[in-house]
Structures are given as structure tokens and as C-alpha cells.
Amino acid sequence: MSKLRLETEGDRFVVVTRRFEASPAEVYRAHLDPEIIREWMLGPEGWTMPVCINEGEPGGEIRYEWSDGSGGGFYLTGEILELDPPHRIVHVERMHLPDPTPDNHIVTTFTPDGSGTLMTMRMTLPDAATRRAMLETGMEHGMEASYARLERVWSDAG
């Protein structure tokens with residue numbers, strides 16, 4: 001059973017929630033620290049991230065490049081707009097598939113939830129067509145695989 005919950009709102013919004021058995025500070029750091037990101041944000045099994053740039057400060061650059069090991073891949077660019085450690089990250093990103101998608105404005109919050117953290121990621125897309133195209137990429141499956149890998153990273157370290 002998936003621990004990830006993905007819902008749509010209106011024509012332009014996607015809201016992803018997932019609970020982690022880790023502190024807000026740990027989940028927040030896992031979304032900013034390139035060394036940790038490279039371990040978990042890989043999507044389906046077999047993919048790698050040869051380039052991982054996250055400058056971790058307002059105005060900082062984000063660039064992630066993924067490879068499927070068979071010559072295929074894609075990349076993402078973006079900028080960090082706001083940080084409120086360890087509660088909130090606001091950034092904008094665009095996928096390059098190979099042409100860049102319109103900006104996806106993302107607000108991610110990390111809320112204490114019992115012994116863990118509830119992460120809520122609210123994505124704002126420019127229009128319904130862009131949202132539909134994004135959802136058709138299979139991003140939900142890739143996100144769930146990545147977040148399951150993140151939990152394994154923590155359990156292996158503990």
C-alpha cells in the first residue's frame with residue numbers, strides 16, 4: 001500500500017502528502033542536502049542522478065540530472081525562493097524533457113506528526129494542460145519509489 005497521497009485541486013494544483021518516521025529537521029534536510037538527495041531522489045529502480053546541485057539558500061540554483069542507465073534521461077532546473085528551516089521550502093522548478101516545461105511553483109511544509117513528520121507538497125501549475133501532462137509522466141510512481149528509498153536511507157543509517 002502506498003504511503004504517498006496525491007490529489008488534484010481545481011485545474012492547476014497538485015497536493016502530495018506523505019508521513020515519515022523522522023523529525024521535521026531530518027525530512028527538511030533530505031530535501032536540500034545534495035549528498036542525501038542523490039541517495040533517494042531517483043524515481044524507479046535502476047535510475048541514477050549523475051548531477052545533483054541544490055545550493056540550499058534563497059536564490060540558490062537547483063539542477064538534478066537523471067539517467068536510466070541506457071542512454072535515456074532528463075533533467076530539472078529551478079531556484080529556491082524561500083526557506084524557513086525546518087518547516088518550509090518554497091521553490092520553482094521546470095522539467096526538461098528535452099524542452100522545458102512551464103514553471104511549477106512548489107511549497108513544501110514539514111509538520112510534526114506524533115513521532116514523525118507529515119510532509120505536504122503543494123504544486124501550482126500554470127494551467128490544466130500542464131498539470132495533466134505532468135501527471136501523465138508517471139511522477140506519482142517515481143515519487144513513491146523515491147520516498148520509500150529515503151526511508152531505507154534513514155533505516156540503514158540508524
# chains A, B, ... in the order shown; residues from 1 in each chain; ligands from 1

$ residues_around --residues "range 71-83 of chain A" --least-positions-apart "6" --cutoff "10 Å" --atoms "only C-alpha atoms" --output "ChimeraX atom specification"
/A:28,32,47-49,51-65,89-101,103-108

$ write_last_selection --atoms "C-alpha atoms" --output "CSV table (one decimal), in the first residue's frame"
chain,number,residue,atom,x,y,z
A,28,TYR,CA,13.7,19.1,5.6
A,32,LEU,CA,18.1,20.3,0.5
A,47,TRP,CA,17.9,5.2,-12.3
A,48,THR,CA,20.8,7.3,-11.1
A,49,MET,CA,21.5,11.0,-10.5
A,51,VAL,CA,24.3,15.7,-11.4
A,52,CYS,CA,22.8,17.0,-8.2
A,53,ILE,CA,23.0,20.7,-7.4
A,54,ASN,CA,21.0,22.2,-4.6
A,55,GLU,CA,22.5,25.4,-3.3
A,56,GLY,CA,20.2,25.3,-0.2
A,57,GLU,CA,19.6,29.0,0.2
A,58,PRO,CA,17.1,31.6,-1.1
A,59,GLY,CA,18.1,32.5,-4.7
A,60,GLY,CA,20.1,29.2,-4.9
A,61,GLU,CA,20.2,27.1,-8.0
A,62,ILE,CA,18.7,23.6,-8.3
A,63,ARG,CA,19.7,21.2,-11.0
A,64,TYR,CA,19.1,17.5,-11.0
A,65,GLU,CA,20.0,15.2,-13.9
A,89,ILE,CA,10.8,25.2,1.4
A,90,VAL,CA,9.4,27.3,-1.5
A,91,HIS,CA,11.0,26.7,-4.9
A,92,VAL,CA,10.2,26.8,-8.6
A,93,GLU,CA,11.2,24.0,-11.0
A,94,ARG,CA,10.9,23.1,-14.6
A,95,MET,CA,11.5,19.7,-16.2
A,96,HIS,CA,13.5,19.4,-19.4
A,97,LEU,CA,12.1,16.5,-21.5
A,98,PRO,CA,14.1,17.8,-23.5
A,99,ASP,CA,12.1,21.1,-23.9
A,100,PRO,CA,11.5,22.9,-20.6
A,101,THR,CA,8.0,22.7,-19.1
A,103,ASP,CA,7.3,26.7,-14.1
A,104,ASN,CA,6.0,24.6,-11.3
A,105,HIS,CA,5.8,26.6,-8.1
A,106,ILE,CA,6.1,24.3,-5.1
A,107,VAL,CA,5.6,24.9,-1.4
A,108,THR,CA,6.7,22.0,0.8

$ residues_around --residues "Leu135 in chain A" --least-positions-apart "3" --cutoff "12 Å" --atoms "only C-alpha atoms" --output "list in words"
Leu6, Glu7, Thr8, Arg12, Phe13, Val14, Val15, Val16, Met123, Leu125, Ala128, Ala129, Thr130, Arg131, Arg132, Gly138, Met139, Glu140, His141, Gly142 and Met143 of chain A

$ select_by_dssp --residues "range 62-141 of chain A" --states "strand (DSSP E or B)" --output "PyMOL selection string"
chain A and resi 62-67+73-84+88-96+100+104-113+116-124

$ closest_residue --among "A:Ser67, A:Thr111, A:Thr117, A:Ser146" --to "Pro50 in chain A" --atoms "only C-alpha atoms"
A:Ser67

$ atom_distance --atom1 "CA of Asp11 in chain A" --atom2 "CA of Asp127 in chain A"
6.5 Å

$ select_by_dssp --residues "chain A" --states "helix (DSSP H, G or I)" --output "ChimeraX atom specification"
/A:24-30,34-40,128-135,139-157

$ write_last_selection --atoms "N, CA and C atoms" --output "compact mmCIF listing (two decimals), in the first residue's frame"
# COMPACT_ATOMS: atom_id res chain seq x y z
N PRO A 24 10.96 16.60 11.61
CA PRO A 24 10.87 17.61 10.56
C PRO A 24 12.25 18.07 10.09
N ALA A 25 13.21 18.22 11.00
CA ALA A 25 14.55 18.65 10.61
C ALA A 25 15.21 17.64 9.66
N GLU A 26 15.02 16.34 9.92
CA GLU A 26 15.61 15.31 9.05
C GLU A 26 14.96 15.31 7.66
N VAL A 27 13.64 15.43 7.62
CA VAL A 27 12.94 15.41 6.33
C VAL A 27 13.27 16.68 5.53
N TYR A 28 13.30 17.81 6.23
CA TYR A 28 13.68 19.08 5.60
C TYR A 28 15.08 18.97 4.99
N ARG A 29 16.04 18.50 5.78
CA ARG A 29 17.43 18.38 5.30
C ARG A 29 17.52 17.45 4.10
N ALA A 30 16.73 16.38 4.10
CA ALA A 30 16.76 15.42 2.99
C ALA A 30 16.30 16.04 1.68
N PRO A 34 22.50 17.93 -1.07
CA PRO A 34 22.77 17.15 -2.29
C PRO A 34 23.27 15.73 -2.03
N GLU A 35 24.06 15.52 -0.98
CA GLU A 35 24.55 14.17 -0.70
C GLU A 35 23.41 13.22 -0.36
N ILE A 36 22.43 13.72 0.39
CA ILE A 36 21.27 12.89 0.75
C ILE A 36 20.33 12.75 -0.44
N ILE A 37 20.08 13.84 -1.16
CA ILE A 37 19.18 13.82 -2.33
C ILE A 37 19.63 12.75 -3.32
N ARG A 38 20.94 12.69 -3.58
CA ARG A 38 21.48 11.73 -4.55
C ARG A 38 21.21 10.28 -4.16
N GLU A 39 20.99 10.02 -2.87
CA GLU A 39 20.74 8.66 -2.41
C GLU A 39 19.29 8.22 -2.61
N TRP A 40 18.35 9.18 -2.63
CA TRP A 40 16.95 8.76 -2.62
C TRP A 40 16.12 9.29 -3.78
N ALA A 128 -4.38 23.78 -16.70
CA ALA A 128 -4.82 22.39 -16.60
C ALA A 128 -4.03 21.48 -17.54
N ALA A 129 -3.70 21.95 -18.74
CA ALA A 129 -2.97 21.12 -19.70
C ALA A 129 -1.57 20.77 -19.17
N THR A 130 -0.90 21.73 -18.55
CA THR A 130 0.43 21.48 -18.00
C THR A 130 0.33 20.47 -16.86
N ARG A 131 -0.67 20.62 -16.01
CA ARG A 131 -0.84 19.67 -14.91
C ARG A 131 -1.11 18.27 -15.44
N ARG A 132 -1.98 18.16 -16.42
CA ARG A 132 -2.31 16.85 -16.99
C ARG A 132 -1.06 16.20 -17.59
N ALA A 133 -0.27 16.96 -18.33
CA ALA A 133 0.96 16.42 -18.93
C ALA A 133 1.93 15.95 -17.85
N MET A 134 2.05 16.72 -16.77
CA MET A 134 2.95 16.34 -15.68
C MET A 134 2.49 15.03 -15.04
N LEU A 135 1.21 14.90 -14.77
CA LEU A 135 0.70 13.70 -14.13
C LEU A 135 0.84 12.47 -15.04
N MET A 139 4.78 10.49 -12.58
CA MET A 139 5.51 11.07 -11.46
C MET A 139 5.10 10.48 -10.11
N GLU A 140 3.84 10.08 -9.96
CA GLU A 140 3.39 9.53 -8.68
C GLU A 140 4.17 8.26 -8.34
N HIS A 141 4.34 7.37 -9.31
CA HIS A 141 5.10 6.13 -9.07
C HIS A 141 6.55 6.45 -8.74
N GLY A 142 7.14 7.39 -9.47
CA GLY A 142 8.53 7.77 -9.21
C GLY A 142 8.71 8.40 -7.85
N MET A 143 7.75 9.23 -7.44
CA MET A 143 7.83 9.86 -6.12
C MET A 143 7.72 8.81 -5.02
N GLU A 144 6.79 7.88 -5.15
CA GLU A 144 6.63 6.86 -4.11
C GLU A 144 7.89 6.00 -4.00
N ALA A 145 8.47 5.63 -5.15
CA ALA A 145 9.70 4.83 -5.12
C ALA A 145 10.83 5.62 -4.45
N SER A 146 10.92 6.91 -4.77
CA SER A 146 11.97 7.74 -4.17
C SER A 146 11.79 7.88 -2.67
N TYR A 147 10.57 8.16 -2.22
CA TYR A 147 10.35 8.34 -0.79
C TYR A 147 10.52 7.04 -0.01
N ALA A 148 10.18 5.92 -0.61
CA ALA A 148 10.44 4.63 0.04
C ALA A 148 11.96 4.44 0.18
N ARG A 149 12.70 4.85 -0.83
CA ARG A 149 14.17 4.77 -0.76
C ARG A 149 14.70 5.68 0.34
N LEU A 150 14.12 6.87 0.51
CA LEU A 150 14.55 7.77 1.58
C LEU A 150 14.38 7.11 2.94
N GLU A 151 13.26 6.44 3.16
CA GLU A 151 13.07 5.75 4.44
C GLU A 151 14.14 4.68 4.64
N ARG A 152 14.55 4.00 3.57
CA ARG A 152 15.61 2.98 3.69
C ARG A 152 16.95 3.65 4.02
N VAL A 153 17.20 4.83 3.45
CA VAL A 153 18.43 5.56 3.76
C VAL A 153 18.51 5.82 5.26
N TRP A 154 17.40 6.29 5.84
CA TRP A 154 17.38 6.56 7.29
C TRP A 154 17.54 5.28 8.09
N SER A 155 16.83 4.22 7.69
CA SER A 155 16.91 2.99 8.47
C SER A 155 18.31 2.37 8.37
N ASP A 156 18.97 2.48 7.20
CA ASP A 156 20.34 1.97 7.05
C ASP A 156 21.32 2.76 7.89
N ALA A 157 21.06 4.08 8.06
CA ALA A 157 21.97 4.93 8.84
C ALA A 157 21.77 4.75 10.34

$ residues_around --residues "Phe110 in chain A" --least-positions-apart "6" --cutoff "6 Å" --atoms "only C-alpha atoms" --output "NGL selection string"
:A and (24 or 87 or 118-119)

$ atom_distance --atom1 "CA of Leu4 in chain A" --atom2 "CA of Met121 in chain A"
10.9 Å

$ decode --residues "range 32-75 of chain A" --atoms "N, CA and C atoms" --output "PDB file, in the first residue's frame"
ATOM      1  N   LEU A  32      17.158  19.208   0.847  1.00  0.00           N
ATOM      2  CA  LEU A  32      18.107  20.269   0.492  1.00  0.00           C
ATOM      3  C   LEU A  32      19.551  19.809   0.356  1.00  0.00           C
ATOM      4  N   ASP A  33      19.963  18.777   1.057  1.00  0.00           N
ATOM      5  CA  ASP A  33      21.356  18.345   1.081  1.00  0.00           C
ATOM      6  C   ASP A  33      21.651  17.454  -0.133  1.00  0.00           C
ATOM      7  N   PRO A  34      22.503  17.929  -1.066  1.00  0.00           N
ATOM      8  CA  PRO A  34      22.771  17.153  -2.286  1.00  0.00           C
ATOM      9  C   PRO A  34      23.269  15.730  -2.025  1.00  0.00           C
ATOM     10  N   GLU A  35      24.060  15.524  -0.984  1.00  0.00           N
ATOM     11  CA  GLU A  35      24.551  14.173  -0.700  1.00  0.00           C
ATOM     12  C   GLU A  35      23.413  13.224  -0.355  1.00  0.00           C
ATOM     13  N   ILE A  36      22.427  13.721   0.392  1.00  0.00           N
ATOM     14  CA  ILE A  36      21.269  12.889   0.751  1.00  0.00           C
ATOM     15  C   ILE A  36      20.329  12.747  -0.445  1.00  0.00           C
ATOM     16  N   ILE A  37      20.076  13.842  -1.160  1.00  0.00           N
ATOM     17  CA  ILE A  37      19.181  13.816  -2.326  1.00  0.00           C
ATOM     18  C   ILE A  37      19.630  12.755  -3.324  1.00  0.00           C
ATOM     19  N   ARG A  38      20.936  12.691  -3.578  1.00  0.00           N
ATOM     20  CA  ARG A  38      21.483  11.727  -4.545  1.00  0.00           C
ATOM     21  C   ARG A  38      21.209  10.279  -4.164  1.00  0.00           C
ATOM     22  N   GLU A  39      20.993  10.024  -2.873  1.00  0.00           N
ATOM     23  CA  GLU A  39      20.737   8.662  -2.410  1.00  0.00           C
ATOM     24  C   GLU A  39      19.292   8.224  -2.612  1.00  0.00           C
ATOM     25  N   TRP A  40      18.352   9.183  -2.633  1.00  0.00           N
ATOM     26  CA  TRP A  40      16.950   8.762  -2.622  1.00  0.00           C
ATOM     27  C   TRP A  40      16.120   9.290  -3.778  1.00  0.00           C
ATOM     28  N   MET A  41      16.394  10.453  -4.325  1.00  0.00           N
ATOM     29  CA  MET A  41      15.507  11.061  -5.326  1.00  0.00           C
ATOM     30  C   MET A  41      15.816  10.515  -6.720  1.00  0.00           C
ATOM     31  N   LEU A  42      15.593   9.221  -6.888  1.00  0.00           N
ATOM     32  CA  LEU A  42      15.985   8.550  -8.121  1.00  0.00           C
ATOM     33  C   LEU A  42      14.816   8.020  -8.930  1.00  0.00           C
ATOM     34  N   GLY A  43      13.618   8.076  -8.418  1.00  0.00           N
ATOM     35  CA  GLY A  43      12.483   7.526  -9.148  1.00  0.00           C
ATOM     36  C   GLY A  43      12.554   6.010  -9.174  1.00  0.00           C
ATOM     37  N   PRO A  44      12.132   5.405 -10.293  1.00  0.00           N
ATOM     38  CA  PRO A  44      12.099   3.938 -10.373  1.00  0.00           C
ATOM     39  C   PRO A  44      13.484   3.319 -10.222  1.00  0.00           C
ATOM     40  N   GLU A  45      13.507   2.052  -9.793  1.00  0.00           N
ATOM     41  CA  GLU A  45      14.769   1.325  -9.629  1.00  0.00           C
ATOM     42  C   GLU A  45      15.558   1.352 -10.933  1.00  0.00           C
ATOM     43  N   GLY A  46      16.884   1.449 -10.785  1.00  0.00           N
ATOM     44  CA  GLY A  46      17.761   1.441 -11.948  1.00  0.00           C
ATOM     45  C   GLY A  46      18.201   2.820 -12.410  1.00  0.00           C
ATOM     46  N   TRP A  47      17.542   3.863 -11.931  1.00  0.00           N
ATOM     47  CA  TRP A  47      17.907   5.223 -12.322  1.00  0.00           C
ATOM     48  C   TRP A  47      19.003   5.741 -11.397  1.00  0.00           C
ATOM     49  N   THR A  48      19.808   6.665 -11.909  1.00  0.00           N
ATOM     50  CA  THR A  48      20.846   7.320 -11.120  1.00  0.00           C
ATOM     51  C   THR A  48      20.733   8.827 -11.305  1.00  0.00           C
ATOM     52  N   MET A  49      21.435   9.575 -10.454  1.00  0.00           N
ATOM     53  CA  MET A  49      21.466  11.031 -10.529  1.00  0.00           C
ATOM     54  C   MET A  49      22.931  11.475 -10.637  1.00  0.00           C
ATOM     55  N   PRO A  50      23.470  11.539 -11.859  1.00  0.00           N
ATOM     56  CA  PRO A  50      24.872  11.917 -12.012  1.00  0.00           C
ATOM     57  C   PRO A  50      25.163  13.373 -11.658  1.00  0.00           C
ATOM     58  N   VAL A  51      24.163  14.251 -11.754  1.00  0.00           N
ATOM     59  CA  VAL A  51      24.346  15.653 -11.379  1.00  0.00           C
ATOM     60  C   VAL A  51      23.283  16.018 -10.353  1.00  0.00           C
ATOM     61  N   CYS A  52      23.728  16.570  -9.216  1.00  0.00           N
ATOM     62  CA  CYS A  52      22.812  16.988  -8.156  1.00  0.00           C
ATOM     63  C   CYS A  52      23.322  18.293  -7.562  1.00  0.00           C
ATOM     64  N   ILE A  53      22.692  19.380  -7.950  1.00  0.00           N
ATOM     65  CA  ILE A  53      23.042  20.696  -7.417  1.00  0.00           C
ATOM     66  C   ILE A  53      21.817  21.226  -6.680  1.00  0.00           C
ATOM     67  N   ASN A  54      22.001  21.560  -5.431  1.00  0.00           N
ATOM     68  CA  ASN A  54      20.977  22.239  -4.648  1.00  0.00           C
ATOM     69  C   ASN A  54      21.740  23.169  -3.713  1.00  0.00           C
ATOM     70  N   GLU A  55      21.713  24.455  -4.030  1.00  0.00           N
ATOM     71  CA  GLU A  55      22.513  25.415  -3.276  1.00  0.00           C
ATOM     72  C   GLU A  55      21.942  25.719  -1.890  1.00  0.00           C
ATOM     73  N   GLY A  56      20.720  25.268  -1.606  1.00  0.00           N
ATOM     74  CA  GLY A  56      20.182  25.297  -0.247  1.00  0.00           C
ATOM     75  C   GLY A  56      20.056  26.657   0.399  1.00  0.00           C
ATOM     76  N   GLU A  57      19.809  27.698  -0.394  1.00  0.00           N
ATOM     77  CA  GLU A  57      19.609  29.039   0.156  1.00  0.00           C
ATOM     78  C   GLU A  57      18.699  29.824  -0.783  1.00  0.00           C
ATOM     79  N   PRO A  58      17.972  30.827  -0.256  1.00  0.00           N
ATOM     80  CA  PRO A  58      17.115  31.625  -1.126  1.00  0.00           C
ATOM     81  C   PRO A  58      17.926  32.210  -2.283  1.00  0.00           C
ATOM     82  N   GLY A  59      17.392  32.058  -3.494  1.00  0.00           N
ATOM     83  CA  GLY A  59      18.093  32.478  -4.700  1.00  0.00           C
ATOM     84  C   GLY A  59      19.010  31.409  -5.247  1.00  0.00           C
ATOM     85  N   GLY A  60      19.168  30.301  -4.516  1.00  0.00           N
ATOM     86  CA  GLY A  60      20.077  29.235  -4.916  1.00  0.00           C
ATOM     87  C   GLY A  60      19.544  28.405  -6.065  1.00  0.00           C
ATOM     88  N   GLU A  61      20.472  27.910  -6.843  1.00  0.00           N
ATOM     89  CA  GLU A  61      20.163  27.093  -8.016  1.00  0.00           C
ATOM     90  C   GLU A  61      19.853  25.656  -7.611  1.00  0.00           C
ATOM     91  N   ILE A  62      18.954  25.036  -8.391  1.00  0.00           N
ATOM     92  CA  ILE A  62      18.670  23.604  -8.303  1.00  0.00           C
ATOM     93  C   ILE A  62      18.874  23.031  -9.696  1.00  0.00           C
ATOM     94  N   ARG A  63      19.602  21.947  -9.780  1.00  0.00           N
ATOM     95  CA  ARG A  63      19.732  21.209 -11.043  1.00  0.00           C
ATOM     96  C   ARG A  63      19.941  19.736 -10.702  1.00  0.00           C
ATOM     97  N   TYR A  64      19.015  18.916 -11.149  1.00  0.00           N
ATOM     98  CA  TYR A  64      19.099  17.478 -10.970  1.00  0.00           C
ATOM     99  C   TYR A  64      19.072  16.843 -12.357  1.00  0.00           C
ATOM    100  N   GLU A  65      19.985  15.905 -12.610  1.00  0.00           N
ATOM    101  CA  GLU A  65      20.001  15.173 -13.872  1.00  0.00           C
ATOM    102  C   GLU A  65      19.891  13.688 -13.573  1.00  0.00           C
ATOM    103  N   TRP A  66      18.939  13.027 -14.232  1.00  0.00           N
ATOM    104  CA  TRP A  66      18.706  11.600 -14.035  1.00  0.00           C
ATOM    105  C   TRP A  66      19.082  10.825 -15.284  1.00  0.00           C
ATOM    106  N   SER A  67      19.562   9.592 -15.078  1.00  0.00           N
ATOM    107  CA  SER A  67      19.913   8.699 -16.178  1.00  0.00           C
ATOM    108  C   SER A  67      19.294   7.331 -15.913  1.00  0.00           C
ATOM    109  N   ASP A  68      18.766   6.731 -16.969  1.00  0.00           N
ATOM    110  CA  ASP A  68      18.178   5.391 -16.805  1.00  0.00           C
ATOM    111  C   ASP A  68      19.184   4.273 -17.032  1.00  0.00           C
ATOM    112  N   GLY A  69      20.459   4.628 -17.287  1.00  0.00           N
ATOM    113  CA  GLY A  69      21.498   3.621 -17.498  1.00  0.00           C
ATOM    114  C   GLY A  69      21.549   3.077 -18.910  1.00  0.00           C
ATOM    115  N   SER A  70      20.613   3.501 -19.775  1.00  0.00           N
ATOM    116  CA  SER A  70      20.565   3.027 -21.168  1.00  0.00           C
ATOM    117  C   SER A  70      20.654   4.171 -22.157  1.00  0.00           C
ATOM    118  N   GLY A  71      21.182   5.295 -21.705  1.00  0.00           N
ATOM    119  CA  GLY A  71      21.298   6.453 -22.595  1.00  0.00           C
ATOM    120  C   GLY A  71      20.118   7.404 -22.518  1.00  0.00           C
ATOM    121  N   GLY A  72      19.090   7.044 -21.777  1.00  0.00           N
ATOM    122  CA  GLY A  72      17.931   7.923 -21.621  1.00  0.00           C
ATOM    123  C   GLY A  72      18.019   8.707 -20.331  1.00  0.00           C
ATOM    124  N   GLY A  73      17.280   9.782 -20.277  1.00  0.00           N
ATOM    125  CA  GLY A  73      17.240  10.572 -19.062  1.00  0.00           C
ATOM    126  C   GLY A  73      16.591  11.919 -19.293  1.00  0.00           C
ATOM    127  N   PHE A  74      16.619  12.716 -18.262  1.00  0.00           N
ATOM    128  CA  PHE A  74      16.056  14.063 -18.320  1.00  0.00           C
ATOM    129  C   PHE A  74      16.649  14.857 -17.185  1.00  0.00           C
ATOM    130  N   TYR A  75      16.346  16.148 -17.140  1.00  0.00           N
ATOM    131  CA  TYR A  75      16.846  16.955 -16.043  1.00  0.00           C
ATOM    132  C   TYR A  75      15.826  17.993 -15.619  1.00  0.00           C
TER     133      TYR A  75
END
